[in-house]
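Structure file model33.cif with mmCIF, C-alpha atoms:
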```
data_entry
#
loop_
_atom_site.label_atom_id
_atom_site.label_comp_id
_atom_site.auth_asym_id
_atom_site.auth_seq_id
_atom_site.Cartn_x
_atom_site.Cartn_y
_atom_site.Cartn_z
CA MET A 19 0.00 0.00 0.00
CA GLN A 20 1.44 3.34 -1.05
CA ARG A 21 0.90 6.17 1.38
CA ASN A 22 -0.36 9.53 0.27
CA LYS A 23 2.44 11.96 -0.51
CA TYR A 24 0.56 14.80 1.17
CA ALA A 25 -1.06 13.78 4.44
CA VAL A 26 -1.07 15.38 7.86
CA ASP A 27 -3.16 13.67 10.55
CA VAL A 28 -4.62 15.91 13.26
CA GLU A 29 -5.74 14.81 16.73
CA VAL A 30 -7.18 17.13 19.36
CA THR A 31 -7.75 16.83 23.10
CA THR A 32 -9.68 19.45 25.06
CA ARG A 33 -10.21 20.61 28.61
CA TYR A 34 -12.47 23.10 30.32
CA ILE A 35 -10.62 25.84 32.23
CA GLU A 36 -12.94 26.37 35.18
CA ASP A 37 -10.84 28.96 37.03
CA GLN A 38 -10.83 31.29 33.99
CA SER A 39 -14.50 30.78 33.17
CA GLU A 40 -17.42 32.83 34.45
CA PRO A 41 -20.64 30.95 33.65
CA SER A 42 -22.87 33.69 35.14
CA ALA A 43 -21.40 36.07 32.52
CA GLY A 44 -21.64 33.57 29.66
CA ARG A 45 -17.86 32.98 29.55
CA TYR A 46 -16.63 29.41 29.18
CA VAL A 47 -12.89 29.00 28.57
CA PHE A 48 -11.45 25.92 26.90
CA ALA A 49 -7.94 24.76 26.09
CA TYR A 50 -7.23 22.43 23.22
CA THR A 51 -4.05 20.55 22.43
CA VAL A 52 -3.41 19.68 18.80
CA THR A 53 -1.05 16.94 17.69
CA MET A 54 -0.18 16.92 13.98
CA THR A 55 1.64 14.02 12.38
CA ASN A 56 3.02 14.10 8.86
CA SER A 57 1.88 10.70 7.63
CA GLY A 58 2.79 11.56 4.04
CA SER A 59 6.03 10.93 2.20
CA VAL A 60 6.92 14.60 1.61
CA GLY A 61 7.87 17.21 4.20
CA ALA A 62 5.45 20.11 4.63
CA GLN A 63 5.18 23.44 6.43
CA LEU A 64 2.03 24.81 8.06
CA LEU A 65 1.27 28.24 6.60
CA THR A 66 -2.18 29.26 7.84
CA ARG A 67 -5.10 28.04 9.90
CA HIS A 68 -8.87 28.21 9.49
CA TRP A 69 -11.17 27.41 12.43
CA ILE A 70 -14.96 27.24 12.52
CA ILE A 71 -16.18 27.51 16.11
CA THR A 72 -19.86 26.90 16.85
CA ASP A 73 -21.46 27.30 20.28
CA ALA A 74 -24.64 25.68 21.61
CA ALA A 75 -26.69 28.70 20.48
CA SER A 76 -25.51 28.04 16.88
CA SER A 77 -23.39 31.19 16.91
CA VAL A 78 -20.52 30.64 14.47
CA GLN A 79 -17.13 32.31 14.63
CA GLU A 80 -14.54 31.84 11.89
CA VAL A 81 -10.88 32.42 12.65
CA ARG A 82 -8.19 32.65 9.98
CA GLY A 83 -4.58 33.48 10.53
CA GLU A 84 -0.95 32.74 9.90
CA GLY A 85 0.68 29.82 11.65
CA VAL A 86 -0.25 28.49 15.06
CA VAL A 87 0.81 30.00 18.40
CA GLY A 88 3.22 32.28 16.52
CA GLU A 89 4.93 29.43 14.65
CA LYS A 90 4.85 27.89 11.18
CA PRO A 91 6.15 24.40 11.92
CA ARG A 92 7.74 22.24 9.22
CA LEU A 93 7.08 18.53 9.53
CA SER A 94 9.36 15.97 7.93
CA PRO A 95 7.69 12.68 6.99
CA GLY A 96 6.81 10.91 10.25
CA ALA A 97 7.41 14.02 12.39
CA GLN A 98 4.95 15.36 14.96
CA TYR A 99 4.20 18.85 16.21
CA ARG A 100 2.09 19.61 19.28
CA TYR A 101 0.74 22.89 20.61
CA THR A 102 -1.90 24.12 23.03
CA SER A 103 -4.20 27.07 22.46
CA GLY A 104 -7.62 28.14 23.68
CA THR A 105 -10.98 29.60 22.90
CA VAL A 106 -13.87 31.22 24.75
CA LEU A 107 -17.52 30.30 24.21
CA ALA A 108 -20.71 32.00 25.41
CA THR A 109 -22.24 28.58 26.12
CA PRO A 110 -20.98 25.54 28.08
CA PHE A 111 -20.96 23.39 24.94
CA GLY A 112 -19.68 23.82 21.40
CA THR A 113 -17.68 22.36 18.56
CA MET A 114 -14.62 23.30 16.56
CA ARG A 115 -13.38 22.10 13.18
CA GLY A 116 -11.20 23.48 10.46
CA SER A 117 -8.06 23.03 8.42
CA TYR A 118 -4.41 23.91 8.19
CA GLN A 119 -3.09 25.11 4.86
CA MET A 120 0.18 23.32 4.17
CA LEU A 121 3.02 23.83 1.70
CA ALA A 122 4.85 20.63 0.74
CA ASP A 123 8.60 20.68 0.10
CA ASP A 124 7.89 20.11 -3.62
CA GLY A 125 5.77 23.29 -3.80
CA THR A 126 2.36 21.60 -3.65
CA ARG A 127 -0.25 23.26 -1.42
CA PHE A 128 -2.75 21.08 0.40
CA ASP A 129 -5.14 21.23 3.34
CA ALA A 130 -4.80 19.17 6.49
CA GLU A 131 -8.35 18.72 7.75
CA ILE A 132 -9.09 19.16 11.45
CA PRO A 133 -11.99 16.84 12.31
CA ALA A 134 -14.79 18.29 14.42
CA PHE A 135 -14.29 17.99 18.16
CA THR A 136 -16.41 18.90 21.16
CA LEU A 137 -15.87 21.53 23.83
CA ARG A 138 -17.88 20.79 26.96
CA ALA A 139 -17.83 22.30 30.42
CA GLN A 140 -18.07 19.70 33.20
CA GLN A 141 -21.46 20.92 34.39
CA ALA A 142 -22.91 20.67 30.85
CA LEU A 143 -24.10 17.08 30.80
CA HIS A 144 -26.29 16.11 27.86
#
```

Just dump the structure as C-alpha cells.
Amino acid sequence: MQRNKYAVDVEVTTRYIEDQSEPSAGRYVFAYTVTMTNSGSVGAQLLTRHWIITDAASSVQEVRGEGVVGEKPRLSPGAQYRYTSGTVLATPFGTMRGSYQMLADDGTRFDAEIPAFTLRAQQALH
C-alpha cells in the first residue's frame, strides 16, 4: 500500500478551564491541544489556519490566521508537532473544526483537515 504523498493527521484533546470561566457572565474557557503528524512521504510546512467555532446557540465564529501560536512548523515525513491554544464560548458546549493550509517541500499546497471535536464544560451534561 502506497501512502499519500501529502497527508497530515490531526488529533485534538480538550479541557475546560474552570478557574478562567465565568458561567454567570456567559464565559466558558477551553484549552485544546493539537497533535499533527506528517503521515505523508513529503515534508510540509504549516502556513495558515482556518477554524470554525460553533457554540450551543448556533453562533458561528470563523478564525483565519498565519501559523499556530506564533509558529509555522515544518514537519518531515513521520514528524509530529504539538501545541496548546484556547478559545472562549458564550455557552458551556460547542464544537470546533477546520483546516491547516500546508506547503509541501515540492511546492504543492494542500489542506490538512481538522476533524470536528467537542468543547464541553463539566457541568454541561447532555

Exercise. Hey, which of A:Ala134, A:Ala62, A:Met114, A:Val30 ends up closest to A:Val81? Count all atoms listed in the file.
Worked result: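 Nearest candidate to A:Val81 out of A:Ala134, A:Ala62, A:Met114, A:Val30: A:Met114.
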
Problem set entry | Pairwise distance for atom CA of A:Val28 and atom CA of A:Phe128, rounded to one decimal in Å |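 Computing the Euclidean distance for atom CA of A:Val28 and atom CA of A:Phe128 yields 14.0 Å.
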
Result set of the PyMOL selection byres ((chain A and resi 24) around 12) on the coordinates above, as an mmCIF file with C-alpha atoms, in the coordinates of the input:
```
data_model
loop_
_atom_site.group_PDB
_atom_site.id
_atom_site.type_symbol
_atom_site.label_atom_id
_atom_site.label_comp_id
_atom_site.auth_asym_id
_atom_site.auth_seq_id
_atom_site.Cartn_x
_atom_site.Cartn_y
_atom_site.Cartn_z
ATOM 1 C CA GLN A 20 1.440 3.340 -1.050
ATOM 2 C CA ARG A 21 0.900 6.170 1.380
ATOM 3 C CA ASN A 22 -0.360 9.530 0.270
ATOM 4 C CA LYS A 23 2.440 11.960 -0.510
ATOM 5 C CA ALA A 25 -1.060 13.780 4.440
ATOM 6 C CA VAL A 26 -1.070 15.380 7.860
ATOM 7 C CA ASP A 27 -3.160 13.670 10.550
ATOM 8 C CA THR A 55 1.640 14.020 12.380
ATOM 9 C CA ASN A 56 3.020 14.100 8.860
ATOM 10 C CA SER A 57 1.880 10.700 7.630
ATOM 11 C CA GLY A 58 2.790 11.560 4.040
ATOM 12 C CA SER A 59 6.030 10.930 2.200
ATOM 13 C CA VAL A 60 6.920 14.600 1.610
ATOM 14 C CA GLY A 61 7.870 17.210 4.200
ATOM 15 C CA ALA A 62 5.450 20.110 4.630
ATOM 16 C CA GLN A 63 5.180 23.440 6.430
ATOM 17 C CA LEU A 93 7.080 18.530 9.530
ATOM 18 C CA SER A 94 9.360 15.970 7.930
ATOM 19 C CA PRO A 95 7.690 12.680 6.990
ATOM 20 C CA GLY A 96 6.810 10.910 10.250
ATOM 21 C CA GLN A 119 -3.090 25.110 4.860
ATOM 22 C CA MET A 120 0.180 23.320 4.170
ATOM 23 C CA LEU A 121 3.020 23.830 1.700
ATOM 24 C CA ALA A 122 4.850 20.630 0.740
ATOM 25 C CA ASP A 123 8.600 20.680 0.100
ATOM 26 C CA ASP A 124 7.890 20.110 -3.620
ATOM 27 C CA GLY A 125 5.770 23.290 -3.800
ATOM 28 C CA THR A 126 2.360 21.600 -3.650
ATOM 29 C CA ARG A 127 -0.250 23.260 -1.420
ATOM 30 C CA PHE A 128 -2.750 21.080 0.400
ATOM 31 C CA ASP A 129 -5.140 21.230 3.340
ATOM 32 C CA ALA A 130 -4.800 19.170 6.490
ATOM 33 C CA GLU A 131 -8.350 18.720 7.750
#
```

For this session: Do a neighbour search on A:Gln140 at 9 Å with only C-alpha atoms, toss out local chain neighbours closer than 6 positions, and write the hits as a list in words.
Result: Tyr34, Glu36 and Pro110 of chain A

For this session: Excluding A:His68 and any residue of its chain fewer than 6 positions from it, enumerate the residues within 6 Å of it, using all atoms listed in the file, and give them as number ranges by chain.
Result: A: 81-82, 116-117

Exercise. Could you work out how far atom CA of A:Leu137 lies from atom CA of A:Ala74, giving the answer in Å with one decimal?
Worked result: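 Separating atom CA of A:Ala74 from atom CA of A:Leu137 is a distance of 10.0 Å.
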
Exercise. Evaluating the PyMOL selection byres ((chain A and resi 91) around 6) on the displayed file yields which residues, as a PyMOL selection string?
Worked result: chain A and resi 63-64+89-90+92

Exercise. For A:Thr109, which residue out of A:Gly88, A:Gly83, A:Pro41, A:Pro133 is the nearest one, using all atoms listed in the file?
Worked result: A:Pro41

Problem set entry | Which of A:Ala43, A:Arg33, A:Ile132, A:Val86 sits closest to A:Arg100 [using only C-alpha atoms] |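 Ranking A:Ala43, A:Arg33, A:Ile132, A:Val86 by distance to A:Arg100, first place goes to A:Val86.
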
For this session: Could you please determine the separation between atom CA of A:Tyr50 and atom CA of A:Gln79 in Å, to one decimal place?
Result: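 Between these atoms lies a distance of 16.4 Å.
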
For this session: Please identify all polymer residues lying at most 8 Å from the point (-1.4, 25.4, 20.6) (file coordinates), using all atoms listed in the file, and present the result as number ranges by chain.
Result: A: 50-52, 86-87, 100-104

Problem set entry | Polymer residues at most 12 Å from A:Leu107, only C-alpha atoms, same-chain spacing of 5 or more positions, as number ranges by chain | A: 34-35, 38-41, 43-49, 71-79, 112-114, 136-139

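Proximity ranking of A:Glu80, A:Tyr99, A:Phe111, A:Arg67 relative to A:Phe135 places A:Phe111 first, based on all atoms listed in the file.
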